[in-house]
Amino acid sequence: MASQYQWMKHSWKQRFPWAATMRTQCDFELSLAIQKHNEDQREMEAANPPTDIYSENSASFQYVNEQQFQKALRDIDADIPRTDRHRTFFQREGLVKLLYLRDILITFAAFHQEIGYCRGMHYFASRFLETLDSETEAFWCFVGYMRRSAWGFTTTGVRRKIQICEELLKHVDPELYDHIENVSKEKLLFCLRWLLLLFQKDLEHSDAVRVLEISALESGKMNFGAWIWRTRREGVAAPAPITSVDRDEITFEVLLCIAVLIQNRKQLLQYQDVNDFFLFTQRMQGRLQLNMLHGDERP
C-alpha cells in the first residue's frame, strides 16, 4: 500500500510538475515548510526511486481531466493554509505536515476524478493524518471514507440531508419548525455547513474527531446516499424525491443538528429575519460541545 501510494503521488508530480510545489504569498512560515518538504521529497525519491509497476492505474491516469485537476489544485491550495495550523501536530515540524496533507488531497483528486475535491474535504483528511501520524495510512483511510461518503458532498446529497432534518424537526418540535418556515423560505438551509462538514468547524477538536469517527463507522449504512451518488456517477436517472425518511438516513450529524436547534430554540424563536439564522450558525463556530447537548430546552 505504501509503494502504491508513493507511485500515485509520483505520477501526478511527473505529469503536472508545476503542481508539485505549492505557491504561497506573504506566508513566511509556510514558505519555509515548502522548501523543507521539497528537499525531503528529493532525498526520499533519490533513496527509493518510484517504479511504474501499477500498469492498470497508469492507464487510467492517462485520462485525467487536466482542467478538473487544476480546479482541484486551486481549491486544495486555498484550503491547506487554513487547516488547523496552530495545532501542535502541524507546528511540530514547521508546518511540513501541512504539505503531507496537500499531497494526500491532490493524489486523491487525481486518481478519483469521479469524486473530485470539494472545499472542506481537508478537514477530514487532516483528522486521519493527525490521528494516524502516517501519510500513507491517512491517505488510504481518507480514500475509504470518501468512497462511502462522497454522496454527501453532492448537491443532491446535501439537499437530502437538509430535507431529513426538516422532517425530523417537524416531528419533534413542530412549533420551532413552523416558526423557521414562516421566517425563511429556505427553512434549514442555514444548517448547510454543519451537515456538509460534519460540524468540523463548530466543535472543539476532540469532539470533531469523535463525530468523524462515528460518521466513518456508520457511513456504510447510508444506502439512499450511495444510490444517489451511483446514479450521478453512472448517468442513470435519479430517483423521484422521497417524502418519507428511511431509518438508515438518520445519521449522527443529522441528530446533532436537531439537538443544536432544540438546545437553542428560545433564541431561534425570537428571530424575525432569515439573516439571523445564518448569523446564528456563524456564531456557533468553535463553541459547540457534545457533552453540553442534552437536546431538550423546552419549557
# chains A, B, ... in the order shown; residues from 1 in each chain; ligands from 1
>>> select_by_dssp(residues="range 7-147 of chain A", states="alpha helix (DSSP H)", output="PyMOL selection string")
chain A and resi 7-15+28-47+55-61+66-79+88-91+96-111+121-132+135-147
>>> residues_around(residues="Gln285 in chain A", least_positions_apart="4", cutoff="8 Å", atoms="only C-alpha atoms", output="list in words")
Lys201, Asp202, Leu203 and Thr281 of chain A
>>> write_last_selection(atoms="C-alpha atoms", output="PDB file, in the first residue's frame")
ATOM      1  CA  LYS A 201     -15.569  23.924  12.164  1.00  0.00           C
ATOM      2  CA  ASP A 202     -18.007  24.218  15.036  1.00  0.00           C
ATOM      3  CA  LEU A 203     -16.859  21.651  17.582  1.00  0.00           C
ATOM      4  CA  THR A 281     -24.609  29.344  12.763  1.00  0.00           C
TER       5      THR A 281
END
>>> closest_residue(among="A:Glu45, A:Glu66, A:Asp246, A:Glu135", to="Glu167 in chain A", atoms="only C-alpha atoms")
A:Asp246
>>> residues_around(residues="range 123-127 of chain A", least_positions_apart="2", cutoff="7 Å", atoms="only C-alpha atoms", output="list in words")
Thr83, Leu101, Gly120, Met121, Leu129, Glu130, Thr131, Ala138, Phe142, Gln200 and Val209 of chain A
>>> residues_around(residues="Ser184 in chain A", least_positions_apart="3", cutoff="8 Å", atoms="only C-alpha atoms", output="list in words")
Ile180, Glu181, Lys187, Asp273 and Val274 of chain A
>>> residues_around(residues="Asp77 in chain A", least_positions_apart="2", cutoff="12 Å", atoms="only C-alpha atoms", output="MDAnalysis selection string")
chainID A and resid 19:25 30 70:75 79:83 98:99 101:103 105:106 117 119:120 122
>>> closest_residue(among="A:Phe90, A:Leu192, A:Asp84, A:Asn65", to="Gln282 in chain A", atoms="only C-alpha atoms")
A:Leu192
>>> atom_distance(atom1="CA of Ala33 in chain A", atom2="CA of Val96 in chain A")
4.8 Å
>>> residues_around(residues="Val183 in chain A", least_positions_apart="2", cutoff="12 Å", atoms="only C-alpha atoms", output="ChimeraX atom specification")
/A:176-181,185-188,268-277
>>> write_last_selection(atoms="N, CA and C atoms", output="CSV table (one decimal), in the first residue's frame")
chain,number,residue,atom,x,y,z
A,176,LEU,N,-41.1,25.1,16.6
A,176,LEU,CA,-39.9,25.6,16.1
A,176,LEU,C,-39.8,25.5,14.6
A,177,TYR,N,-40.2,24.4,14.1
A,177,TYR,CA,-40.2,24.2,12.6
A,177,TYR,C,-41.1,25.2,11.9
A,178,ASP,N,-42.3,25.4,12.4
A,178,ASP,CA,-43.3,26.3,11.8
A,178,ASP,C,-42.7,27.7,11.9
A,179,HIS,N,-42.1,28.1,13.0
A,179,HIS,CA,-41.5,29.5,13.1
A,179,HIS,C,-40.4,29.7,12.0
A,180,ILE,N,-39.5,28.7,11.9
A,180,ILE,CA,-38.4,28.8,10.9
A,180,ILE,C,-39.0,28.9,9.5
A,181,GLU,N,-40.0,28.1,9.2
A,181,GLU,CA,-40.6,28.0,7.9
A,181,GLU,C,-41.3,29.4,7.6
A,185,LYS,N,-38.0,31.0,3.7
A,185,LYS,CA,-38.5,30.1,2.7
A,185,LYS,C,-37.5,28.9,2.5
A,186,GLU,N,-36.2,29.2,2.9
A,186,GLU,CA,-35.1,28.2,2.7
A,186,GLU,C,-35.2,27.2,3.9
A,187,LYS,N,-36.0,27.5,4.9
A,187,LYS,CA,-36.1,26.7,6.1
A,187,LYS,C,-34.7,26.4,6.7
A,188,LEU,N,-34.2,25.1,6.7
A,188,LEU,CA,-33.0,24.8,7.4
A,188,LEU,C,-31.8,24.9,6.5
A,268,LEU,N,-33.8,30.9,18.8
A,268,LEU,CA,-34.3,30.8,17.4
A,268,LEU,C,-35.7,31.3,17.2
A,269,LEU,N,-36.6,31.1,18.2
A,269,LEU,CA,-38.0,31.5,18.2
A,269,LEU,C,-38.1,33.1,18.2
A,270,GLN,N,-37.1,33.8,18.6
A,270,GLN,CA,-37.1,35.2,18.6
A,270,GLN,C,-36.7,35.9,17.3
A,271,TYR,N,-36.1,35.1,16.4
A,271,TYR,CA,-35.6,35.6,15.1
A,271,TYR,C,-36.8,35.9,14.2
A,272,GLN,N,-36.7,37.1,13.5
A,272,GLN,CA,-37.8,37.5,12.6
A,272,GLN,C,-37.2,37.8,11.2
A,273,ASP,N,-35.9,37.5,11.0
A,273,ASP,CA,-35.3,37.8,9.7
A,273,ASP,C,-34.4,36.6,9.4
A,274,VAL,N,-34.4,36.2,8.1
A,274,VAL,CA,-33.7,35.0,7.7
A,274,VAL,C,-32.2,35.1,8.0
A,275,ASN,N,-31.7,36.3,7.9
A,275,ASN,CA,-30.2,36.5,8.1
A,275,ASN,C,-29.8,36.2,9.6
A,276,ASP,N,-30.8,36.3,10.5
A,276,ASP,CA,-30.5,36.0,11.9
A,276,ASP,C,-30.1,34.5,12.0
A,277,PHE,N,-30.7,33.6,11.3
A,277,PHE,CA,-30.4,32.2,11.3
A,277,PHE,C,-29.0,31.9,10.8
>>> closest_residue(among="A:Arg85, A:Lys97, A:His10, A:Gly286", to="Ile34 in chain A", atoms="only C-alpha atoms")
A:Lys97
>>> closest_residue(among="A:Leu95, A:Ile76, A:Ala110, A:Cys191", to="Ser11 in chain A", atoms="only C-alpha atoms")
A:Ala110
>>> closest_residue(among="A:Ala150, A:Phe89, A:Phe190, A:Arg210", to="Leu261 in chain A", atoms="only C-alpha atoms")
A:Phe190
